[in-house]
Structure formats: structure tokens, C-alpha cells
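Peer 1: Structure below; questions to follow.
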Amino acid sequence: MGFSDFHGNAETVHRLREMIARDRFPHGVILAGPRGSGKYTLAQMVAKAMNCSEHPISDGLPDFCGRCTECTRIAQADALDQRFAEAVEAREQLRDTDKKETRIFIQTHPDVMVIPPDPPQMLVKVDQVRHVTATMYYRPTEGGHKVYIFSESSFMKEAANALLKVLEEPPEFATLFLLAETPSALLPTIRSRCITLTLAPIPVEEIERDLAQKPEWNARQKSLVARLSGGALGRARGFDINGYLQARQDALIILATAISGGDHSALFRTTESYRAGGEGKEKTDLLIATLFSLLEDMLFVKEGTPELVRNIDIQPDIVKMTGAVPFDWIVRAAERVGEVHAGMRRNLLRSLSLDALEAALEA
């Protein structure tokens with residue numbers, strides 16, 4: 001157990017460990033990278049290394065044991081989705097008046113706090129940042145360093161301004177981690193007060209080797225997932241291959257019908273299944289993402305770089321569709337899909353929106 005369990009981005013991990021060794025760790029760190037790239041895992045590892053009571057050394061740099069009381073308590077928050085669901089459920093049990101005033105935090109160790117976006121808007125609220133401000137200036141009670149991890153970069157305006165004040169005069173014994181898919185999601189004034197470390201995509205071959213632990217997937221599926229994960233190992237490990245293949249089949253029907261302009265009966269049967277409700281939203285979101293994936297592959301083929309195609313198991317079909325349309329059609333299709341995605345956020349009727357997408361692509 002230790003930093004050796006983190007896959008990829010060895011230089012970034014080495015740099016973080018060097019900063020711990022010098023006991024001059026930055027007060028604000030932006031960890032950037034795609035969803036599933038390991039940002040949260042790495043931030044948790046740093047929190048353990050800063051507070052581990054065993055203080056192990058590996059390769060000449062600080063590490064964490066994963067066994068002491070400090071490490072095990074911090075590790076209880078490793079399963080972020082589970083802890084988040086528990087916190088939301090606990091809030092739902094409160095009286096309505098208390099529920100409105102209660103914000104979501106995850107804290108399994110007194111000196112390490114995780115601040116996720118607060119539902120239902122899924123934004124970091126100003127009250128969450130104020131709570132961080134109210135607690136971070138007290139010295140660590142059990143560990144050696146206080147760590148606050150903002151698991152998403154979606155801040156309300158007031159919350160972002162409040163965070164800026166914290167970063168201007170932070171205590172020497174506290175560090176804030178801001179996890180972001182792209183640093184541009186944060187205010188320039190926040191970025192200027194933090195160091196930014198970006199987790200690069202892991203090579204496809206390395207992800208395929210890691211997916212050997214998935215005996216339920218065949219070699220073709222592992223190869224497909226490795227390419228679709230965008231270099232994010234966490235995303236690859238949790239990839240819903242069956243859901244993706246079903247969504248891709250529906251996406252192919254939409255694109256094929258638009259390109260051929262033929263019989264629409266199969267299209268209407270497909271779009272009719274995209275109903276309202278939470279399950280329908282997840283299904284539609286996956287369909288939209290899959291449409292973008294196919295259109296991007298078509299662009300790769302059109303631009304003469306077929307080696308970049310991710311849906312390699314259906315590459316002949318993608319090549320055939322690409323040959324039937326001009327470059328401008330693919331660009332326009334991507335724009336229309338983006339418009340449908342925006343409409344979904346405004347709760348427009350999903351099946352009708354998908355039918356309208358079809359009509360727009362045929363125009």
C-alpha cells in the first residue's frame with residue numbers, strides 16, 4: 001500500500017512527494033484531468049502521506065503505510081460516491097427547516113475534509129466554503145497537516161469569491177485541493193494563487209493490461225473500453241460496456257437514418273424508448289455522449305487519421321457512413337447534437353427532441 005499503487009503520471013506523483021519531503025507543500029493545488037483520471041485518489045494519497053503516523057520512506061521519498069489509524073480513517077472516504085450517497089441520505093432524514101441549512105461534507109478524519117458539490121444543483125455553495133474557513137485556521141488535532149479536497153470545480157459565484165479570500169491568507173498547516181477536469185473552470189484569480197498539476201492520459205496499452213482483471217469482458221471489449229476511456233483508468237474500470245453498446249446501436253440508427261433519408265420506423269421505435277424521469281435522463285445522456293463519440297470517429301476518418309478511431313470494432317461501418325457525407329455535414333451534426341444536449345438540461349421532451357435532431361440532420 002502506498003504511492004506505488006497509483007497508475008501512470010509518475011512525474012506528477014514524484015513532484016508531490018518531493019514537496020511533502022521539503023515540508024513546504026503549497027496551500028492551494030489544482031489537480032486537473034479528465035473524469036476518472038485519478039485526481040481524487042491522488043489527493044487522498046497525499047492526505048494520507050501528510051498524516052501517516054508511521055512516516056514510511058520509499059525510493060527516498062515520503063509515503064504512507066495504509067495501515068495506521070490515520071491512514072485507515074482517511075481511507076474510509078476513498079469510496080467517494082458511497083460516502084456522498086450516505087451524506088445525502090442522512091440530510092434527507094432531517095426536518096425540512098434543518099435540511100435547508102445543512103450542507104454536504106465528507107469527513108472520516110478530523111484533519112481531512114472532502115467538499116463535494118451540494119445537490120440538487122450540484123454546485124459548491126458559499127456555506128460550504130465558509131465552513132472550511134471556520135475550521136481550517138485551527139491547528140491539526142491528530143495528524144500533521146489539514147487537507148481540504150474540493151472534489152469538483154463547479155462553484156457558485158459567491159462560493160468562488162469566498163474561496164479566493166481563503167487562498168489569500170491560508171494557514172501554513174493547511175492545503176486545499178481543487179479537482180477540475182480543466183483549470184479554466186476556475187476563476188483566473190483562484191488559479192493564480194494555486195499551483196496546477198495536470199494528470200496526462202494513460203496509454204491505451206497500459207489500460208488494456210490493467211483491464212485483464214475483468215474476466216467478464218472479452219479481449220475485443222477490453223480493447224474498445226481502453227480507447228473509449230480517454231486515458232482515464234478509473235473511467236475504464238467502471239465502464240458500463242453493455243449500456244454503451246446499447247446506446248451505440250441507437251446512435252447508429254439515428255445517424256444511418258439521417259444519412260440515408262429512408263424508412264423512419266426503426267428511428268421512431270428507438271426514440272420512443274427515451275422517456276422522462278431519472279432513468280430516461282441517464283439513458284439520454286449516454287446516447288448523446290455516444291453520438292459525439294461516433295461523430296468524432298467520423299471526423300478522424302474524414303481527416304485521414306483512422307488510427308485515432310476509438311470504436312474500432314465497427315470501424316468499417318464508420319468508414320462507410322463517413323464516405324456518404326461531406327465534412328460540413330459531420331460538423332453540423334455535432335452542433336445539432338450539442339443543441340439537443342442543451343435542450344435536455346431545460347427538460348424538453350426527449351423523444352421529440354431526438355426526432356427533431358433527425359429532421360435537422362436531413363435538412
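Just remember, in the C-alpha cells the first chain shown is A, the second B, etc., residues are 1-based per chain, and ligands are 1-based in the order shown.
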Could you please write out, as number ranges by chain, every residue of stretch 135-260 of chain A that DSSP assigns to strand (DSSP E)?
Peer 2: A: 146-150, 174-180, 195-198
Peer 1: Just the residues within 12 Å of A:Ile104, please, counting only C-alpha atoms, with nothing from its chain fewer than 3 positions along; format it as a PyMOL selection string.
Peer 2: chain A and resi 83-92+99-101+107+113-120+122-129+131-132+150-151
Peer 1: Pull C-alpha atoms from the residues just selected and write them as an mmCIF file, in the first residue's frame.
Peer 2:
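Once written, part33.cif looks like this:
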data_model
loop_
_atom_site.group_PDB
_atom_site.id
_atom_site.type_symbol
_atom_site.label_atom_id
_atom_site.label_comp_id
_atom_site.auth_asym_id
_atom_site.auth_seq_id
_atom_site.Cartn_x
_atom_site.Cartn_y
_atom_site.Cartn_z
ATOM 1 C CA ARG A 83 -19.891 8.343 1.292
ATOM 2 C CA PHE A 84 -21.636 11.066 -0.735
ATOM 3 C CA ALA A 85 -24.819 8.980 -1.045
ATOM 4 C CA GLU A 86 -24.766 8.333 2.705
ATOM 5 C CA ALA A 87 -24.369 12.039 3.475
ATOM 6 C CA VAL A 88 -27.246 12.976 1.168
ATOM 7 C CA GLU A 89 -29.471 10.285 2.696
ATOM 8 C CA ALA A 90 -28.640 11.491 6.210
ATOM 9 C CA ARG A 91 -29.649 15.030 5.247
ATOM 10 C CA GLU A 92 -32.917 13.785 3.788
ATOM 11 C CA LYS A 99 -32.401 20.258 5.781
ATOM 12 C CA LYS A 100 -32.297 23.667 4.093
ATOM 13 C CA GLU A 101 -29.475 24.835 6.360
ATOM 14 C CA GLN A 107 -15.105 13.791 6.908
ATOM 15 C CA MET A 113 -12.389 17.047 4.773
ATOM 16 C CA VAL A 114 -13.923 16.399 1.356
ATOM 17 C CA ILE A 115 -16.267 19.055 -0.022
ATOM 18 C CA PRO A 116 -18.431 17.717 -2.891
ATOM 19 C CA PRO A 117 -20.911 19.772 -4.936
ATOM 20 C CA ASP A 118 -24.124 20.209 -2.977
ATOM 21 C CA PRO A 119 -27.302 18.709 -4.507
ATOM 22 C CA PRO A 120 -29.659 19.259 -6.175
ATOM 23 C CA MET A 122 -24.557 20.062 -7.774
ATOM 24 C CA LEU A 123 -22.602 23.236 -7.097
ATOM 25 C CA VAL A 124 -20.245 24.117 -4.250
ATOM 26 C CA LYS A 125 -22.210 26.567 -2.085
ATOM 27 C CA VAL A 126 -20.901 29.569 -0.186
ATOM 28 C CA ASP A 127 -21.888 27.969 3.143
ATOM 29 C CA GLN A 128 -19.567 25.061 2.375
ATOM 30 C CA VAL A 129 -16.631 27.401 1.769
ATOM 31 C CA HIS A 131 -17.389 26.167 6.904
ATOM 32 C CA VAL A 132 -13.924 25.454 5.519
ATOM 33 C CA PHE A 150 -12.995 20.088 -3.303
ATOM 34 C CA SER A 151 -13.983 17.130 -5.479
#
Peer 1: If we count only C-alpha atoms and set the cut-off at 10 Å, which residues sit around A:Asp63, ignoring sequence neighbours fewer than 4 positions away in its own chain? Please answer as number ranges by chain.
Peer 2: A: 1-4, 17, 20-21, 45-46, 48-50, 52, 54-59
Peer 1: Which residues are near A:Leu163? Cut-off 12 Å, only C-alpha atoms, ignore same chain within fewer than 5 positions. Put them as a ChimeraX atom specification.
Peer 2: /A:28,124-134,148,150,153,155-158,168-170,176-178,186-187,189-191,193-194
Peer 1: Keeping C-alpha atoms for every residue in the selection just given, could you write it to a file as a PDB file, in the first residue's frame?
Peer 2:
ATOM      1  CA  GLY A  28      -3.544  25.584  -2.975  1.00  0.00           C
ATOM      2  CA  VAL A 124     -20.245  24.117  -4.250  1.00  0.00           C
ATOM      3  CA  LYS A 125     -22.210  26.567  -2.085  1.00  0.00           C
ATOM      4  CA  VAL A 126     -20.901  29.569  -0.186  1.00  0.00           C
ATOM      5  CA  ASP A 127     -21.888  27.969   3.143  1.00  0.00           C
ATOM      6  CA  GLN A 128     -19.567  25.061   2.375  1.00  0.00           C
ATOM      7  CA  VAL A 129     -16.631  27.401   1.769  1.00  0.00           C
ATOM      8  CA  ARG A 130     -17.466  29.385   4.906  1.00  0.00           C
ATOM      9  CA  HIS A 131     -17.389  26.167   6.904  1.00  0.00           C
ATOM     10  CA  VAL A 132     -13.924  25.454   5.519  1.00  0.00           C
ATOM     11  CA  THR A 133     -12.837  28.961   6.537  1.00  0.00           C
ATOM     12  CA  ALA A 134     -14.246  28.494  10.030  1.00  0.00           C
ATOM     13  CA  TYR A 148      -9.447  20.036   2.225  1.00  0.00           C
ATOM     14  CA  PHE A 150     -12.995  20.088  -3.303  1.00  0.00           C
ATOM     15  CA  SER A 153     -14.701  22.711  -9.706  1.00  0.00           C
ATOM     16  CA  PHE A 155     -18.582  26.744  -7.660  1.00  0.00           C
ATOM     17  CA  MET A 156     -21.389  29.230  -7.214  1.00  0.00           C
ATOM     18  CA  LYS A 157     -20.106  32.767  -7.773  1.00  0.00           C
ATOM     19  CA  GLU A 158     -20.297  33.684  -4.087  1.00  0.00           C
ATOM     20  CA  GLU A 168      -5.115  34.906   0.035  1.00  0.00           C
ATOM     21  CA  GLU A 169      -4.189  34.218   3.676  1.00  0.00           C
ATOM     22  CA  PRO A 170      -4.100  30.440   4.272  1.00  0.00           C
ATOM     23  CA  LEU A 176      -6.710  22.957  -0.364  1.00  0.00           C
ATOM     24  CA  PHE A 177      -7.002  20.611  -3.319  1.00  0.00           C
ATOM     25  CA  LEU A 178      -9.235  21.771  -6.161  1.00  0.00           C
ATOM     26  CA  LEU A 186     -11.912  28.063 -12.036  1.00  0.00           C
ATOM     27  CA  LEU A 187     -11.565  31.831 -11.764  1.00  0.00           C
ATOM     28  CA  THR A 189      -7.699  34.822  -9.628  1.00  0.00           C
ATOM     29  CA  ILE A 190      -8.028  31.393  -7.988  1.00  0.00           C
ATOM     30  CA  ARG A 191      -5.681  29.779 -10.499  1.00  0.00           C
ATOM     31  CA  ARG A 193      -2.956  31.550  -6.177  1.00  0.00           C
ATOM     32  CA  CYS A 194      -2.526  27.814  -6.741  1.00  0.00           C
TER      33      CYS A 194
END
Peer 1: From a backbone DSSP assignment, name each residue in stretch 136-319 of chain A labelled alpha helix (DSSP H), as an NGL selection string.
Peer 2: :A and (136 or 157-168 or 188-191 or 204-210 or 219-228 or 233-237 or 241-260 or 265-271 or 278-302 or 315-319)
Peer 1: For the residues in the current selection, export C-alpha atoms as a compact mmCIF listing (two decimals), in the first residue's frame.
Peer 2:
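That gives us part.txt:
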# COMPACT_ATOMS: atom_id res chain seq x y z
CA MET A 136 -9.04 25.48 8.69
CA LYS A 157 -20.11 32.77 -7.77
CA GLU A 158 -20.30 33.68 -4.09
CA ALA A 159 -18.55 30.45 -3.15
CA ALA A 160 -15.71 31.10 -5.60
CA ASN A 161 -15.22 34.60 -4.20
CA ALA A 162 -15.21 33.25 -0.64
CA LEU A 163 -12.64 30.64 -1.62
CA LEU A 164 -10.45 33.36 -3.09
CA LYS A 165 -10.31 35.08 0.31
CA VAL A 166 -9.19 31.82 1.93
CA LEU A 167 -6.39 31.38 -0.59
CA GLU A 168 -5.11 34.91 0.04
CA PRO A 188 -8.24 33.22 -13.04
CA THR A 189 -7.70 34.82 -9.63
CA ILE A 190 -8.03 31.39 -7.99
CA ARG A 191 -5.68 29.78 -10.50
CA VAL A 204 -4.17 2.64 -24.24
CA GLU A 205 -1.84 -0.36 -23.93
CA GLU A 206 -1.41 0.20 -20.18
CA ILE A 207 -5.16 0.45 -19.65
CA GLU A 208 -5.67 -2.77 -21.61
CA ARG A 209 -3.17 -4.54 -19.35
CA ASP A 210 -4.99 -3.27 -16.27
CA ALA A 219 -10.36 -9.11 -25.48
CA ARG A 220 -12.35 -7.12 -28.04
CA GLN A 221 -14.37 -5.39 -25.33
CA LYS A 222 -11.27 -4.57 -23.29
CA SER A 223 -9.63 -3.03 -26.34
CA LEU A 224 -12.76 -0.97 -27.04
CA VAL A 225 -13.08 0.28 -23.43
CA ALA A 226 -9.38 1.17 -23.29
CA ARG A 227 -9.90 3.53 -26.25
CA LEU A 228 -13.22 4.95 -25.11
CA LEU A 233 -8.07 4.37 -15.73
CA GLY A 234 -10.86 4.93 -13.21
CA ARG A 235 -13.34 5.52 -16.01
CA ALA A 236 -12.17 2.35 -17.78
CA ARG A 237 -12.55 0.21 -14.66
CA ILE A 241 -19.91 -1.71 -21.63
CA ASN A 242 -23.42 -3.16 -22.05
CA GLY A 243 -25.05 0.25 -21.62
CA TYR A 244 -22.63 1.79 -24.09
CA LEU A 245 -23.20 -0.89 -26.75
CA GLN A 246 -26.97 -0.43 -26.49
CA ALA A 247 -26.64 3.35 -26.72
CA ARG A 248 -24.30 2.98 -29.67
CA GLN A 249 -26.80 0.79 -31.50
CA ASP A 250 -29.44 3.52 -31.04
CA ALA A 251 -26.97 6.20 -32.12
CA LEU A 252 -26.13 4.27 -35.27
CA ILE A 253 -29.84 4.05 -36.13
CA ILE A 254 -30.19 7.82 -35.75
CA LEU A 255 -27.13 8.57 -37.90
CA ALA A 256 -27.90 5.92 -40.54
CA THR A 257 -31.50 7.13 -40.93
CA ALA A 258 -30.35 10.74 -41.24
CA ILE A 259 -27.73 9.85 -43.86
CA SER A 260 -29.96 7.61 -45.96
CA SER A 265 -39.92 3.31 -38.44
CA ALA A 266 -36.78 1.98 -36.73
CA LEU A 267 -35.89 5.52 -35.66
CA PHE A 268 -39.30 6.17 -34.10
CA ARG A 269 -39.16 2.87 -32.20
CA THR A 270 -35.76 3.88 -30.85
CA THR A 271 -36.57 7.45 -29.81
CA GLY A 278 -34.18 9.93 -13.88
CA GLU A 279 -33.56 6.66 -15.71
CA GLY A 280 -34.52 8.26 -19.01
CA LYS A 281 -32.14 11.16 -18.37
CA GLU A 282 -29.21 8.82 -17.77
CA LYS A 283 -30.09 6.89 -20.91
CA THR A 284 -30.32 10.07 -22.98
CA ASP A 285 -27.06 11.46 -21.59
CA LEU A 286 -25.31 8.24 -22.60
CA LEU A 287 -26.86 8.39 -26.08
CA ILE A 288 -25.68 11.99 -26.55
CA ALA A 289 -22.15 11.08 -25.44
CA THR A 290 -22.17 8.11 -27.80
CA LEU A 291 -23.31 10.24 -30.73
CA PHE A 292 -20.42 12.62 -30.07
CA SER A 293 -18.04 9.65 -29.96
CA LEU A 294 -19.22 8.33 -33.34
CA LEU A 295 -19.16 11.75 -34.98
CA GLU A 296 -15.62 12.32 -33.69
CA ASP A 297 -14.56 8.98 -35.18
CA MET A 298 -16.11 10.04 -38.49
CA LEU A 299 -14.02 13.22 -38.37
CA PHE A 300 -10.88 11.16 -37.77
CA VAL A 301 -11.67 9.09 -40.86
CA LYS A 302 -12.53 12.16 -42.93
CA GLN A 315 -14.60 0.81 -37.96
CA PRO A 316 -15.83 -0.48 -41.36
CA ASP A 317 -19.33 0.88 -40.57
CA ILE A 318 -17.86 4.24 -39.56
CA VAL A 319 -15.81 4.41 -42.76
Peer 1: Between A:Val340, A:Val309, A:Ala180, A:Val147, single out the one closest to A:Arg35, counting only C-alpha atoms.
Peer 2: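 Closest to A:Arg35, using only C-alpha atoms: A:Ala180.
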Peer 1: Between A:Arg332, A:Ala79, A:Ser37, A:Cys68, which is the closest to A:Ser229 once you count only C-alpha atoms?
Peer 2: A:Ser37
Peer 1: Counting only C-alpha atoms, figure out which residue out of A:Glu18, A:Glu142, A:Asp78, A:Glu216 gets nearest to A:Asp111.
Peer 2: A:Glu142
Peer 1: Do you have the atom CA of A:Thr69-atom CA of A:Ser53 distance handy?
Peer 2: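 These two atoms are separated by 7.7 Å.
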Peer 1: So the first atom is atom CA of A:Pro203 and the second is atom CA of A:Gln44; what is the distance between them in Å, to one decimal place?
Peer 2: 23.3 Å
Peer 1: Within 10 Å of A:Phe173, counting only C-alpha atoms, which residues qualify if same-chain residues fewer than 6 places away don't, as a PyMOL selection string?
Peer 2: chain A and resi 23-27+136-140+144-147
